[in-house]
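The block underneath contains the structure these notes are about, expressed in structure tokens.
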Amino acid sequence: SMMVRVMSSSTWLEPVPVHKPPAGGIVRTVMSTRSTRTGARATTSAEAALRFADELAHACAGALGKTVAGVILHGSLTLDDYVPGRSDLDLLVVIDDPLGDARLAALVEAMASRRAAAPGPVDLRLVTRQVAASPTPVPPMEAYLRLTPSSGVRLEERRNPAERDLAVELSVCRAHGRSLLGAAPAELIGEISDRWVVAAGDAQLAAWQAIGDDP
């Protein structure tokens, strides 16, 4: 029933139904042979992406205020798997209190203001500290925002009461995440059962198979 709309030259924020994009949650490993020169360029690009992630984390914290408990970078940049021009940036923001509409709007504007400097798409998800500290097999999520350099910021999900893929993300953040702000990932995120991660993978596989079987 909640509707939020923020309009600017670089931003749109529209109410959308809770959904799971078919390609969401895929972990992609790219393996290639590179020359020393190409490898050096990739390293430089990864360092630039890391600087942007740090700047974006601080901008988001400024928009959200003291409610931010931590901002965690995860995905290819923390797994030495970053491919310039192909990899996304993945951020998990942990907040003390549920995300209100005013703070959500401020967050969207903060992300949009960094759009021109973004090295690629950014996926940012928000959860409360309570959800992070005591994970469940299908945790609730406050919001999922996606920044695309070519088109701005879009609210993909809002107040999803049961996001199965979030259990996988929390597990990855706890094991491999890098704190950009606030406490260390293992201090913010409780233990996640391997069974939950496997169940999320099985559910996603079943969803893909159902799509493939669609006439």
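Chain lettering (A, B, ...) mirrors the order of the structure tokens, residue numbering begins at 1 for each chain separately, and ligand numbering begins at 1 in order of display.
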Phe52 of chain A environment, 12 Å, only C-alpha atoms, sequence neighbours closer than 4 positions dropped, as number ranges by chain: A: 45-48, 56-59, 73, 77, 89-91, 111, 114-122, 180
DSSP-assigned helix (DSSP H, G or I) among segment 52-157 of chain A, expressed as a ChimeraX atom specification: /A:52-67,76-78,101-113,115-117,129-133
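By only C-alpha atoms, and with residues fewer than 4 positions from Leu107 of chain A along its chain excluded, the set lying at most 8 Å from it is Cys60, Ala63, Leu64, Arg103 and Met111 of chain A.
Taking only C-alpha atoms into account, Ala49 of chain A lies nearest to A:Pro84 out of the set A:Pro161, A:Gly70, A:Pro149, A:Pro84.
Using only C-alpha atoms, the contacts of Arg158 of chain A at a cut-off of 6 Å, with sequence neighbours closer than 2 positions omitted, comprise Glu142, Ala143 and Asn160 of chain A.
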Those selected residues, please, written with N, CA and C atoms and delivered as a PDB file, in the first residue's frame.
ATOM      1  N   GLU A 142      14.344  -4.873   3.835  1.00  0.00           N
ATOM      2  CA  GLU A 142      13.743  -3.538   3.825  1.00  0.00           C
ATOM      3  C   GLU A 142      13.602  -2.995   2.404  1.00  0.00           C
ATOM      4  N   ALA A 143      14.647  -3.134   1.608  1.00  0.00           N
ATOM      5  CA  ALA A 143      14.597  -2.589   0.248  1.00  0.00           C
ATOM      6  C   ALA A 143      15.759  -3.136  -0.573  1.00  0.00           C
ATOM      7  N   ASN A 160      10.063  -6.567   1.472  1.00  0.00           N
ATOM      8  CA  ASN A 160       9.800  -7.962   1.121  1.00  0.00           C
ATOM      9  C   ASN A 160       9.843  -8.787   2.409  1.00  0.00           C
TER      10      ASN A 160
END
Can you list every residue in segment 40-215 of chain A that DSSP puts in strand (DSSP E), as a PyMOL selection string? chain A and resi 68-74+89-95+122-128+141-148+152-160+178-182
Against segment 193-211 of chain A, which residues of segment 44-147 of chain A fall within 9 Å? For each one I want the closest pair of atoms and the distance in Å (one decimal), counting only C-alpha atoms, rows by chain and increasing residue number, as JSON lines.
{"residue": "A:Thr136", "atom": "CA", "partner": "A:Trp196", "partner_atom": "CA", "distance": 8.2}
{"residue": "A:Pro137", "atom": "CA", "partner": "A:Trp196", "partner_atom": "CA", "distance": 5.2}
{"residue": "A:Val138", "atom": "CA", "partner": "A:Trp196", "partner_atom": "CA", "distance": 8.2}
Just write the chosen residues, N, CA and C atoms, as a compact mmCIF listing (two decimals), in the first residue's frame.
# COMPACT_ATOMS: atom_id res chain seq x y z
N THR A 136 17.13 -16.01 9.38
CA THR A 136 16.16 -17.10 9.21
C THR A 136 16.33 -17.66 7.81
N PRO A 137 15.72 -18.79 7.51
CA PRO A 137 15.86 -19.35 6.15
C PRO A 137 15.35 -18.44 5.05
N VAL A 138 14.34 -17.62 5.38
CA VAL A 138 13.76 -16.70 4.38
C VAL A 138 13.64 -15.32 5.05
